[in-house]
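Participant: Here you go, this is upload_13.cif (mmCIF, C-alpha atoms and all ligand atoms).
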```cif
data_model
loop_
_atom_site.label_atom_id
_atom_site.label_comp_id
_atom_site.auth_asym_id
_atom_site.auth_seq_id
_atom_site.Cartn_x
_atom_site.Cartn_y
_atom_site.Cartn_z
CA MET A 87 25.39 -0.44 16.74
CA GLU A 88 27.04 2.54 15.11
CA MET A 89 30.03 0.36 14.16
CA ILE A 90 27.70 -2.09 12.43
CA PHE A 91 26.03 0.70 10.46
CA GLU A 92 29.41 2.06 9.36
CA LYS A 93 30.42 -1.40 8.18
CA ALA A 94 27.06 -1.82 6.39
CA VAL A 95 27.73 1.40 4.47
CA GLU A 96 31.15 0.05 3.42
CA ILE A 97 29.58 -3.21 2.25
CA VAL A 98 26.96 -1.35 0.21
CA LYS A 99 29.52 1.03 -1.36
CA LYS A 100 31.80 -1.84 -2.28
CA ASN A 101 28.96 -3.38 -4.30
CA GLY A 102 28.37 -0.15 -6.23
CA ALA A 103 30.92 -1.32 -8.80
CA GLU A 104 28.54 -4.16 -9.71
CA LEU A 105 25.97 -1.60 -10.90
CA THR A 106 28.37 0.64 -12.81
CA GLY A 107 30.17 -2.40 -14.29
CA ARG A 108 26.83 -3.87 -15.51
CA ASP A 109 28.28 -7.37 -15.88
CA GLY A 110 25.16 -9.51 -16.30
CA ALA A 111 22.76 -6.58 -16.74
CA ASP A 112 21.76 -8.07 -20.10
CA THR A 113 20.73 -11.37 -18.52
CA ILE A 114 17.17 -10.47 -17.67
CA ARG A 115 14.22 -12.39 -16.28
CA GLU A 116 10.72 -10.91 -16.23
CA LYS A 117 9.16 -11.56 -12.79
CA GLY A 118 5.92 -9.87 -13.80
CA ARG A 119 4.82 -7.35 -16.43
CA THR A 120 7.63 -4.72 -16.55
CA ASP A 121 9.13 -6.17 -13.35
CA TYR A 122 12.65 -7.34 -14.11
CA VAL A 123 15.56 -8.99 -12.36
CA THR A 124 19.07 -9.24 -13.81
CA GLU A 125 22.15 -11.18 -12.78
CA VAL A 126 23.41 -7.97 -11.17
CA ASP A 127 20.41 -7.82 -8.78
CA ILE A 128 20.94 -11.45 -7.75
CA ARG A 129 24.70 -11.13 -7.29
CA VAL A 130 24.53 -7.89 -5.30
CA GLN A 131 21.89 -9.30 -2.95
CA ARG A 132 23.90 -12.50 -2.44
CA GLN A 133 27.13 -10.63 -1.72
CA ILE A 134 25.61 -8.05 0.61
CA PHE A 135 23.61 -10.62 2.59
CA ALA A 136 26.67 -12.87 2.98
CA GLU A 137 28.63 -9.99 4.53
CA LEU A 138 25.74 -8.77 6.68
CA LYS A 139 25.27 -12.28 8.02
CA GLU A 140 28.88 -12.28 9.19
CA LEU A 141 28.50 -8.83 10.69
CA ASP A 142 25.35 -9.61 12.67
CA PRO A 143 24.32 -13.32 12.61
CA THR A 144 21.15 -12.62 14.65
CA ALA A 145 19.48 -10.20 12.22
CA GLN A 146 16.95 -11.45 9.66
CA LEU A 147 17.43 -10.73 5.97
CA LEU A 148 14.57 -9.33 3.89
CA GLY A 149 15.42 -8.73 0.24
CA GLU A 150 13.56 -8.12 -2.98
CA GLU A 151 15.11 -11.10 -4.78
CA LYS A 152 14.23 -13.80 -2.24
CA GLU A 153 11.25 -15.38 -0.52
CA ASN A 154 10.62 -13.46 2.67
CA GLU A 155 8.17 -15.75 4.41
CA GLY A 156 8.42 -16.14 8.16
CA ILE A 157 10.14 -12.81 8.81
CA ASP A 158 9.26 -11.53 12.26
CA ARG A 159 8.53 -7.86 11.58
CA LYS A 160 9.14 -7.01 15.25
CA GLY A 161 12.62 -8.54 15.27
CA SER A 162 15.81 -7.03 13.84
CA ILE A 163 15.87 -7.04 10.04
CA TRP A 164 18.11 -5.85 7.25
CA ILE A 165 15.87 -4.69 4.38
CA LEU A 166 17.63 -4.67 1.01
CA ASP A 167 16.84 -3.61 -2.51
CA PRO A 168 20.02 -4.73 -4.29
CA VAL A 169 19.22 -2.64 -7.37
CA ASP A 170 16.53 0.01 -7.12
CA GLY A 171 16.07 1.06 -10.72
CA THR A 172 16.55 -2.24 -12.53
CA THR A 173 14.85 -0.92 -15.69
CA ASN A 174 17.34 1.98 -15.66
CA LEU A 175 20.20 -0.52 -15.25
CA ILE A 176 18.99 -2.59 -18.20
CA HIS A 177 18.95 0.55 -20.37
CA ASP A 178 22.26 1.88 -18.99
CA PHE A 179 20.32 4.97 -17.87
CA GLN A 180 22.81 5.43 -15.00
CA HIS A 181 20.35 6.18 -12.21
CA SER A 182 20.14 3.07 -10.05
CA THR A 183 20.89 2.65 -6.37
CA ILE A 184 21.46 0.11 -3.64
CA SER A 185 19.05 0.67 -0.76
CA LEU A 186 19.61 -0.91 2.66
CA ALA A 187 17.77 -0.28 5.92
CA TYR A 188 17.89 -1.78 9.40
CA ALA A 189 14.68 -2.11 11.39
CA LYS A 190 14.01 -3.28 14.92
CA GLY A 191 10.73 -3.45 16.83
CA GLY A 192 8.91 -2.30 13.69
CA LYS A 193 10.95 0.91 13.48
CA ILE A 194 13.53 1.86 10.85
CA LEU A 195 16.70 2.74 12.76
CA PHE A 196 19.16 3.16 9.91
CA GLY A 197 19.17 3.63 6.15
CA VAL A 198 21.67 3.97 3.33
CA VAL A 199 20.98 4.71 -0.33
CA TYR A 200 24.02 4.56 -2.57
CA ASP A 201 24.08 5.95 -6.11
CA PRO A 202 27.35 4.59 -7.54
CA PHE A 203 26.93 6.42 -10.86
CA HIS A 204 27.37 9.75 -9.09
CA GLU A 205 29.27 8.41 -6.06
CA GLU A 206 26.61 9.80 -3.76
CA CYS A 207 25.98 8.00 -0.48
CA PHE A 208 22.92 9.08 1.53
CA THR A 209 22.80 7.85 5.14
CA ALA A 210 20.55 8.37 8.15
CA GLU A 211 20.25 7.04 11.65
CA LEU A 212 17.10 7.56 13.71
CA GLY A 213 17.43 10.74 15.77
CA LYS A 214 20.87 11.59 14.36
CA GLY A 215 20.10 13.40 11.11
CA ALA A 216 20.68 12.64 7.46
CA PHE A 217 23.88 12.96 5.45
CA LEU A 218 25.17 13.00 1.89
CA ASN A 219 28.75 11.75 1.65
CA GLY A 220 29.10 12.54 5.37
CA LYS A 221 27.74 16.12 5.20
CA PRO A 222 24.40 16.98 6.86
CA ILE A 223 21.43 17.45 4.53
CA GLN A 224 18.04 19.11 4.94
CA VAL A 225 14.81 19.10 2.97
CA SER A 226 14.05 22.29 1.03
CA LYS A 227 12.45 25.31 2.66
CA LYS A 228 9.81 25.74 -0.05
CA GLU A 229 6.49 27.01 1.22
CA GLN A 230 4.29 26.81 -1.86
CA LEU A 231 3.75 24.10 -4.41
CA GLY A 232 4.07 26.74 -7.12
CA ASP A 233 7.80 26.98 -6.32
CA CYS A 234 8.33 23.22 -6.16
CA LEU A 235 9.91 20.50 -8.28
CA THR A 236 8.24 17.19 -7.50
CA ALA A 237 8.66 13.56 -8.55
CA ILE A 238 5.75 11.23 -9.17
CA GLY A 239 6.45 7.55 -9.78
CA THR A 240 4.57 5.85 -12.60
CA SER A 241 3.98 2.59 -10.65
CA PRO A 242 4.96 0.43 -13.62
CA GLY A 243 3.83 -2.75 -11.88
CA CYS A 244 0.32 -1.37 -11.39
CA ARG A 245 -0.79 -0.37 -14.88
CA GLU A 246 -4.45 -0.94 -14.11
CA HIS A 247 -4.26 2.26 -12.02
CA ALA A 248 -2.52 4.30 -14.72
CA ASP A 249 -5.54 6.53 -15.42
CA GLU A 250 -5.94 7.68 -11.84
CA ASN A 251 -2.19 7.89 -11.35
CA PHE A 252 -1.70 10.13 -14.37
CA ALA A 253 -4.74 12.21 -13.33
CA ARG A 254 -3.05 12.68 -9.94
CA MET A 255 0.19 13.59 -11.66
CA ARG A 256 -1.65 16.11 -13.84
CA ARG A 257 -3.17 17.81 -10.77
CA ILE A 258 0.28 18.19 -9.23
CA TYR A 259 1.84 19.27 -12.53
CA ASP A 260 -0.74 22.06 -12.90
CA GLN A 261 0.27 23.53 -9.54
CA CYS A 262 4.04 22.98 -9.30
CA GLN A 263 7.01 24.16 -11.40
CA ASP A 264 7.57 20.78 -13.02
CA ILE A 265 7.61 17.04 -12.49
CA ARG A 266 10.51 14.58 -12.63
CA ARG A 267 10.54 10.79 -12.85
CA ILE A 268 13.95 9.26 -12.13
CA GLY A 269 13.03 5.55 -11.97
CA SER A 270 14.54 4.74 -8.57
CA ALA A 271 12.14 5.47 -5.72
CA ALA A 272 15.01 5.27 -3.22
CA LEU A 273 16.89 7.95 -5.14
CA GLU A 274 13.79 10.13 -5.49
CA LEU A 275 13.31 9.97 -1.70
CA SER A 276 17.02 10.78 -1.21
CA TYR A 277 16.60 13.81 -3.47
CA VAL A 278 13.69 15.02 -1.32
CA ALA A 279 15.95 14.58 1.73
CA CYS A 280 18.68 16.79 0.28
CA GLY A 281 16.32 19.41 -1.16
CA ARG A 282 16.81 18.72 -4.88
CA LEU A 283 13.17 17.66 -5.02
CA ASP A 284 10.44 19.14 -2.82
CA GLY A 285 8.02 16.23 -2.92
CA PHE A 286 7.64 12.63 -4.06
CA TYR A 287 4.70 10.30 -4.46
CA GLU A 288 4.31 6.77 -5.75
CA GLU A 289 1.63 4.16 -5.41
CA ASN A 290 2.32 0.50 -4.73
CA LEU A 291 5.93 0.63 -3.54
CA LYS A 292 7.39 -2.20 -1.48
CA ILE A 293 9.18 -1.87 1.85
CA TRP A 294 12.63 -2.32 0.23
CA ASP A 295 11.89 0.64 -2.08
CA TYR A 296 11.11 3.14 0.70
CA ALA A 297 12.55 1.85 4.02
CA ALA A 298 15.92 3.65 3.81
CA GLY A 299 14.64 6.63 1.79
CA SER A 300 11.77 7.44 4.12
CA LEU A 301 14.13 7.60 7.12
CA LEU A 302 16.40 9.91 5.12
CA VAL A 303 13.47 12.27 4.53
CA THR A 304 12.28 12.43 8.13
CA GLU A 305 15.83 12.74 9.48
CA ALA A 306 16.38 15.63 7.04
CA GLY A 307 13.36 17.44 8.50
CA GLY A 308 10.77 16.27 5.98
CA THR A 309 7.44 14.57 6.37
CA THR A 310 6.25 11.20 5.04
CA VAL A 311 2.96 9.37 4.73
CA ILE A 312 3.26 5.63 4.21
CA GLU A 313 -0.21 4.18 4.33
CA GLY A 314 -1.68 1.28 2.42
CA PRO A 315 -0.56 1.66 -1.19
CA ASP A 316 0.68 5.26 -0.77
CA THR A 317 4.22 6.51 -0.25
CA MET A 318 4.40 10.29 0.00
CA ALA A 319 7.33 12.43 1.14
CA CYS A 320 7.79 16.19 1.07
CA THR A 321 9.07 19.31 2.74
CA PRO A 322 6.66 20.12 5.62
CA LYS A 323 5.19 23.42 4.41
CA ILE A 324 3.71 21.93 1.23
CA ARG A 325 2.34 18.82 2.87
CA GLU A 326 -1.29 19.92 3.09
CA GLU A 327 -1.50 21.15 -0.50
CA PHE A 328 0.45 18.19 -1.89
CA GLN A 329 -1.61 15.63 -0.03
CA LYS A 330 -4.89 17.25 -1.02
CA LEU A 331 -3.98 17.11 -4.71
CA LEU A 332 -2.76 13.53 -4.48
CA LYS A 333 -6.04 12.32 -3.07
CA ILE A 334 -7.93 10.19 -5.55
CA THR A 335 -11.54 11.22 -5.94
CA GLU A 336 -14.22 8.55 -5.75
CA GLU A 337 -15.15 9.26 -9.36
CA GLU A 338 -11.60 8.58 -10.60
CA ARG A 339 -11.46 5.45 -8.50
CA TRP A 340 -14.60 4.09 -10.12
CA ASN A 341 -13.47 5.02 -13.61
CA GLY A 342 -9.87 3.91 -13.05
C1 LIG B 1 11.26 0.16 -8.92
C2 LIG B 1 11.78 1.57 -8.88
C3 LIG B 1 10.87 2.47 -9.69
C4 LIG B 1 9.44 2.37 -9.21
C5 LIG B 1 8.95 0.95 -9.18
C6 LIG B 1 9.89 0.09 -8.35
P1 LIG B 1 13.00 -1.87 -8.91
O1 LIG B 1 12.10 -0.71 -8.20
O2 LIG B 1 11.87 2.06 -7.57
O3 LIG B 1 11.25 3.81 -9.59
O4 LIG B 1 8.62 3.11 -10.07
O5 LIG B 1 7.66 0.95 -8.62
O6 LIG B 1 9.43 -1.25 -8.39
O7 LIG B 1 12.06 -2.88 -9.46
O8 LIG B 1 13.82 -1.22 -9.94
O9 LIG B 1 13.77 -2.38 -7.73
CA CA B 2 12.92 -1.18 -5.97
CA CA B 3 15.12 -3.99 -7.08
#
```
Can the structure in the file be given as structure tokens, please?
Ligand code: IPD
Ligand code: CA
Ligand code: CA
Facilitator:
Amino acid sequence: MEMIFEKAVEIVKKNGAELTGRDGADTIREKGRTDYVTEVDIRVQRQIFAELKELDPTAQLLGEEKENEGIDRKGSIWILDPVDGTTNLIHDFQHSTISLAYAKGGKILFGVVYDPFHEECFTAELGKGAFLNGKPIQVSKKEQLGDCLTAIGTSPGCREHADENFARMRRIYDQCQDIRRIGSAALELSYVACGRLDGFYEENLKIWDYAAGSLLVTEAGGTTVIEGPDTMACTPKIREEFQKLLKITEEERWNG
């Protein structure tokens, strides 16, 4: 299996040039309000899936830019977000990634998040640790939220929850050093894994957004909560405080 994962990393890295080159990034279709797909997303998914199919013809392919009906979640699956951070790509904001994970029996066994703009490749294999460009990485050792830099996603596809989401963000902001919002959930999770960020939360993410990144965090010694609409990741010592502040009160829920 290790060979296959190494090859998958090569395939992903090779496609990084599609994001930096931006050929077709101006050909945009709106899938939903503020949910975009460009020619780059489509091409990268097509190219990566074609090569993965050759590599392992038995594995199923689950990708953001295709119908995914009939996927057996217990079987072996490649889970791909061909461009995580499409809005960033459209604006040439230079923070977009390719995120690929491999799952079997309902467990994520491998993940790679590649940021071609900074040539940073984050990889993890279950039980074998997490790496940035081949060097081991660890989550931060922060013990108090007051010393932390955290990222909160704005859930752009879920604007009806904006009030409660920004209230949640405000509660965290009041207790931590500052908040960041990069615009690629996979990259934000990777930054928690390597200790640049101490925590991350976003509501309403999809499996292709967090599959690889969540494995990176846990393999780097961090903790994650992926439950219903919530994706939370952080360094272990702040978990209790972070989670408590993220909790939506009934009142906010009703008013939201
Ligand atoms: C989006 C990014 C963004 C997050 C959105 C995602 P996409 O993925 O991860 O950071 O806020 O919720 O949908 O659409 O660029 O692949
Ligand atoms: Ca995404
Ligand atoms: Ca995407």
Participant: Hey, which residues come within 6 Å of ligand LIG 1 (chain B) if we count all atoms listed in the file? Could you give them as a list in words?
Facilitator: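 For ligand LIG 1 (chain B), the residues inside 6 Å are Asp121, Val169, Asp170, Gly171, Thr172, Thr173, Gly239, Thr240, Ser241, Pro242, Gly269, Ser270, Ala271, Leu291 and Asp295 of chain A.
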Participant: Go ahead and save the picked residues with C-alpha atoms, as a compact mmCIF listing (two decimals), in the frame of the given file.
Facilitator:
```txt
# COMPACT_ATOMS: atom_id res chain seq x y z
CA ASP A 121 9.13 -6.17 -13.35
CA VAL A 169 19.22 -2.64 -7.37
CA ASP A 170 16.53 0.01 -7.12
CA GLY A 171 16.07 1.06 -10.72
CA THR A 172 16.55 -2.24 -12.53
CA THR A 173 14.85 -0.92 -15.69
CA GLY A 239 6.45 7.55 -9.78
CA THR A 240 4.57 5.85 -12.60
CA SER A 241 3.98 2.59 -10.65
CA PRO A 242 4.96 0.43 -13.62
CA GLY A 269 13.03 5.55 -11.97
CA SER A 270 14.54 4.74 -8.57
CA ALA A 271 12.14 5.47 -5.72
CA LEU A 291 5.93 0.63 -3.54
CA ASP A 295 11.89 0.64 -2.08
```
Participant: Would you mind listing what lies within 8 Å of Gly197 in chain A as JSON, numbers by chain, with only C-alpha atoms counted and same-chain residues fewer than 5 positions away left out?
Facilitator: {"A": [185, 186, 187, 188, 209, 210, 211, 297, 298, 299, 301, 302]}
Participant: Given the choices A:Asn101, A:Phe135, A:Ala189, A:Gly307, which gets closest to Gly213 in chain A if the distance is worked out from all atoms listed in the file?
Facilitator: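 Once distances to Gly213 in chain A are computed over all atoms listed in the file, the minimum belongs to A:Gly307.
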Participant: May I have a table of the residues of chain A lying at most 12 Å from ligand CA 3 (chain B), giving each one's closest pair of atoms and their distance in Å to one decimal, counting all atoms listed in the file, ordered by chain and ascending residue number, as JSON lines?
Facilitator:
```
{"residue": "A:Leu105", "atom": "CA", "partner": "B:CA3", "partner_atom": "CA", "distance": 11.7}
{"residue": "A:Lys117", "atom": "CA", "partner": "B:CA3", "partner_atom": "CA", "distance": 11.2}
{"residue": "A:Asp121", "atom": "CA", "partner": "B:CA3", "partner_atom": "CA", "distance": 8.9}
{"residue": "A:Tyr122", "atom": "CA", "partner": "B:CA3", "partner_atom": "CA", "distance": 8.2}
{"residue": "A:Val123", "atom": "CA", "partner": "B:CA3", "partner_atom": "CA", "distance": 7.3}
{"residue": "A:Thr124", "atom": "CA", "partner": "B:CA3", "partner_atom": "CA", "distance": 9.4}
{"residue": "A:Glu125", "atom": "CA", "partner": "B:CA3", "partner_atom": "CA", "distance": 11.6}
{"residue": "A:Val126", "atom": "CA", "partner": "B:CA3", "partner_atom": "CA", "distance": 10.1}
{"residue": "A:Asp127", "atom": "CA", "partner": "B:CA3", "partner_atom": "CA", "distance": 6.7}
{"residue": "A:Ile128", "atom": "CA", "partner": "B:CA3", "partner_atom": "CA", "distance": 9.5}
{"residue": "A:Arg129", "atom": "CA", "partner": "B:CA3", "partner_atom": "CA", "distance": 11.9}
{"residue": "A:Val130", "atom": "CA", "partner": "B:CA3", "partner_atom": "CA", "distance": 10.3}
{"residue": "A:Gln131", "atom": "CA", "partner": "B:CA3", "partner_atom": "CA", "distance": 9.5}
{"residue": "A:Gly149", "atom": "CA", "partner": "B:CA3", "partner_atom": "CA", "distance": 8.7}
{"residue": "A:Glu150", "atom": "CA", "partner": "B:CA3", "partner_atom": "CA", "distance": 6.0}
{"residue": "A:Glu151", "atom": "CA", "partner": "B:CA3", "partner_atom": "CA", "distance": 7.5}
{"residue": "A:Lys152", "atom": "CA", "partner": "B:CA3", "partner_atom": "CA", "distance": 11.0}
{"residue": "A:Ile165", "atom": "CA", "partner": "B:CA3", "partner_atom": "CA", "distance": 11.5}
{"residue": "A:Leu166", "atom": "CA", "partner": "B:CA3", "partner_atom": "CA", "distance": 8.5}
{"residue": "A:Asp167", "atom": "CA", "partner": "B:CA3", "partner_atom": "CA", "distance": 4.9}
{"residue": "A:Pro168", "atom": "CA", "partner": "B:CA3", "partner_atom": "CA", "distance": 5.7}
{"residue": "A:Val169", "atom": "CA", "partner": "B:CA3", "partner_atom": "CA", "distance": 4.3}
{"residue": "A:Asp170", "atom": "CA", "partner": "B:CA3", "partner_atom": "CA", "distance": 4.2}
{"residue": "A:Gly171", "atom": "CA", "partner": "B:CA3", "partner_atom": "CA", "distance": 6.3}
{"residue": "A:Thr172", "atom": "CA", "partner": "B:CA3", "partner_atom": "CA", "distance": 5.9}
{"residue": "A:Thr173", "atom": "CA", "partner": "B:CA3", "partner_atom": "CA", "distance": 9.1}
{"residue": "A:Asn174", "atom": "CA", "partner": "B:CA3", "partner_atom": "CA", "distance": 10.7}
{"residue": "A:Leu175", "atom": "CA", "partner": "B:CA3", "partner_atom": "CA", "distance": 10.2}
{"residue": "A:Ile176", "atom": "CA", "partner": "B:CA3", "partner_atom": "CA", "distance": 11.9}
{"residue": "A:Ser182", "atom": "CA", "partner": "B:CA3", "partner_atom": "CA", "distance": 9.2}
{"residue": "A:Thr183", "atom": "CA", "partner": "B:CA3", "partner_atom": "CA", "distance": 8.8}
{"residue": "A:Ile184", "atom": "CA", "partner": "B:CA3", "partner_atom": "CA", "distance": 8.3}
{"residue": "A:Ser185", "atom": "CA", "partner": "B:CA3", "partner_atom": "CA", "distance": 8.8}
{"residue": "A:Leu186", "atom": "CA", "partner": "B:CA3", "partner_atom": "CA", "distance": 11.2}
{"residue": "A:Gly269", "atom": "CA", "partner": "B:CA3", "partner_atom": "CA", "distance": 10.9}
{"residue": "A:Ser270", "atom": "CA", "partner": "B:CA3", "partner_atom": "CA", "distance": 8.9}
{"residue": "A:Ala271", "atom": "CA", "partner": "B:CA3", "partner_atom": "CA", "distance": 10.0}
{"residue": "A:Ala272", "atom": "CA", "partner": "B:CA3", "partner_atom": "CA", "distance": 10.0}
{"residue": "A:Leu291", "atom": "CA", "partner": "B:CA3", "partner_atom": "CA", "distance": 10.9}
{"residue": "A:Lys292", "atom": "CA", "partner": "B:CA3", "partner_atom": "CA", "distance": 9.7}
{"residue": "A:Ile293", "atom": "CA", "partner": "B:CA3", "partner_atom": "CA", "distance": 10.9}
{"residue": "A:Trp294", "atom": "CA", "partner": "B:CA3", "partner_atom": "CA", "distance": 7.9}
{"residue": "A:Asp295", "atom": "CA", "partner": "B:CA3", "partner_atom": "CA", "distance": 7.5}
{"residue": "A:Tyr296", "atom": "CA", "partner": "B:CA3", "partner_atom": "CA", "distance": 11.3}
```
Participant: Just to confirm, what's the straight-line distance from CA of Lys100 in chain A to CA of Cys207 in chain A in Å (one decimal)?
Facilitator: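 That distance, rounded to one decimal, is 11.6 Å.
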Participant: For Ile114 in chain A, which residue among A:Asp142, A:Phe217, A:His177, A:Pro322 is the nearest when counting all atoms listed in the file?
Facilitator: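 Nearest candidate to Ile114 in chain A out of A:Asp142, A:Phe217, A:His177, A:Pro322: A:His177.
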Participant: Which neighbours of Gly308 in chain A fall inside 12 Å, counting only C-alpha atoms, when residues of the same chain fewer than 2 positions from it are skipped, and could you give them as a VMD selection string?
Facilitator: chain A and resid 215 to 216 223 to 228 275 to 281 283 to 286 299 to 306 310 to 311 318 to 325
Participant: For ligand CA 2 (chain B), which residue among A:Phe252, A:Leu332, A:Val199, A:Leu218 is the nearest when counting all atoms listed in the file?
Facilitator: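 Using all atoms listed in the file, ligand CA 2 (chain B) sits closest to A:Val199.
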Participant: Can you tell me, as number ranges by chain, what residues are no more than 12 Å from Gly156 in chain A when counting only C-alpha atoms, ignoring any on the same chain fewer than 6 positions away?
Facilitator: A: 146-148, 163
Participant: Could you write out that same residue set with C-alpha atoms as an mmCIF file, in the frame of the given file?
Facilitator:
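Contents of again.cif, freshly written:
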```cif
data_model
loop_
_atom_site.group_PDB
_atom_site.id
_atom_site.type_symbol
_atom_site.label_atom_id
_atom_site.label_comp_id
_atom_site.auth_asym_id
_atom_site.auth_seq_id
_atom_site.Cartn_x
_atom_site.Cartn_y
_atom_site.Cartn_z
ATOM 1 C CA GLN A 146 16.950 -11.450 9.660
ATOM 2 C CA LEU A 147 17.430 -10.730 5.970
ATOM 3 C CA LEU A 148 14.570 -9.330 3.890
ATOM 4 C CA ILE A 163 15.870 -7.040 10.040
#
```
Participant: Pick out the closest residue to Arg254 in chain A from this set: A:Thr309, A:Gln230, A:Gln329, A:Thr113. Count all atoms listed in the file.
Facilitator: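 Of the candidates, the smallest distance to Arg254 in chain A is held by A:Gln329.
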Participant: Could you rebuild range 156-170 of chain A with N, CA, C and O atoms and give me the result as a CSV table (one decimal), in the frame of the given file?
Facilitator:
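The resulting result_35.csv:
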```
chain,number,residue,atom,x,y,z
A,156,GLY,N,8.0,-15.8,6.8
A,156,GLY,CA,8.4,-16.1,8.2
A,156,GLY,C,9.3,-15.1,8.8
A,156,GLY,O,9.8,-15.3,9.9
A,157,ILE,N,9.4,-13.9,8.2
A,157,ILE,CA,10.1,-12.8,8.8
A,157,ILE,C,9.3,-12.2,10.0
A,157,ILE,O,8.1,-11.9,9.8
A,158,ASP,N,9.9,-12.1,11.1
A,158,ASP,CA,9.3,-11.5,12.3
A,158,ASP,C,9.5,-10.0,12.2
A,158,ASP,O,10.6,-9.5,12.4
A,159,ARG,N,8.4,-9.3,11.8
A,159,ARG,CA,8.5,-7.9,11.6
A,159,ARG,C,8.9,-7.1,12.8
A,159,ARG,O,9.4,-5.9,12.8
A,160,LYS,N,8.8,-7.7,14.0
A,160,LYS,CA,9.1,-7.0,15.2
A,160,LYS,C,10.6,-7.2,15.6
A,160,LYS,O,11.2,-6.6,16.4
A,161,GLY,N,11.2,-8.2,15.0
A,161,GLY,CA,12.6,-8.5,15.3
A,161,GLY,C,13.6,-7.6,14.5
A,161,GLY,O,13.1,-6.6,13.9
A,162,SER,N,14.9,-7.9,14.6
A,162,SER,CA,15.8,-7.0,13.8
A,162,SER,C,16.0,-7.6,12.4
A,162,SER,O,16.1,-8.8,12.2
A,163,ILE,N,15.9,-6.7,11.5
A,163,ILE,CA,15.9,-7.0,10.0
A,163,ILE,C,16.7,-6.1,9.2
A,163,ILE,O,16.6,-4.8,9.3
A,164,TRP,N,17.5,-6.6,8.3
A,164,TRP,CA,18.1,-5.8,7.2
A,164,TRP,C,17.1,-5.9,6.1
A,164,TRP,O,16.7,-7.0,5.7
A,165,ILE,N,16.8,-4.8,5.5
A,165,ILE,CA,15.9,-4.7,4.4
A,165,ILE,C,16.6,-4.2,3.2
A,165,ILE,O,17.1,-3.0,3.1
A,166,LEU,N,16.8,-5.0,2.1
A,166,LEU,CA,17.6,-4.7,1.0
A,166,LEU,C,16.9,-4.6,-0.3
A,166,LEU,O,16.2,-5.6,-0.7
A,167,ASP,N,17.1,-3.6,-1.1
A,167,ASP,CA,16.8,-3.6,-2.5
A,167,ASP,C,18.2,-3.6,-3.2
A,167,ASP,O,18.9,-2.5,-3.2
A,168,PRO,N,18.7,-4.7,-3.8
A,168,PRO,CA,20.0,-4.7,-4.3
A,168,PRO,C,20.2,-3.8,-5.5
A,168,PRO,O,21.3,-3.3,-5.7
A,169,VAL,N,19.2,-3.6,-6.3
A,169,VAL,CA,19.2,-2.6,-7.4
A,169,VAL,C,17.9,-2.0,-7.4
A,169,VAL,O,16.9,-2.6,-7.7
A,170,ASP,N,17.8,-0.7,-7.0
A,170,ASP,CA,16.5,0.0,-7.1
A,170,ASP,C,16.7,0.8,-8.4
A,170,ASP,O,17.5,1.8,-8.4
```
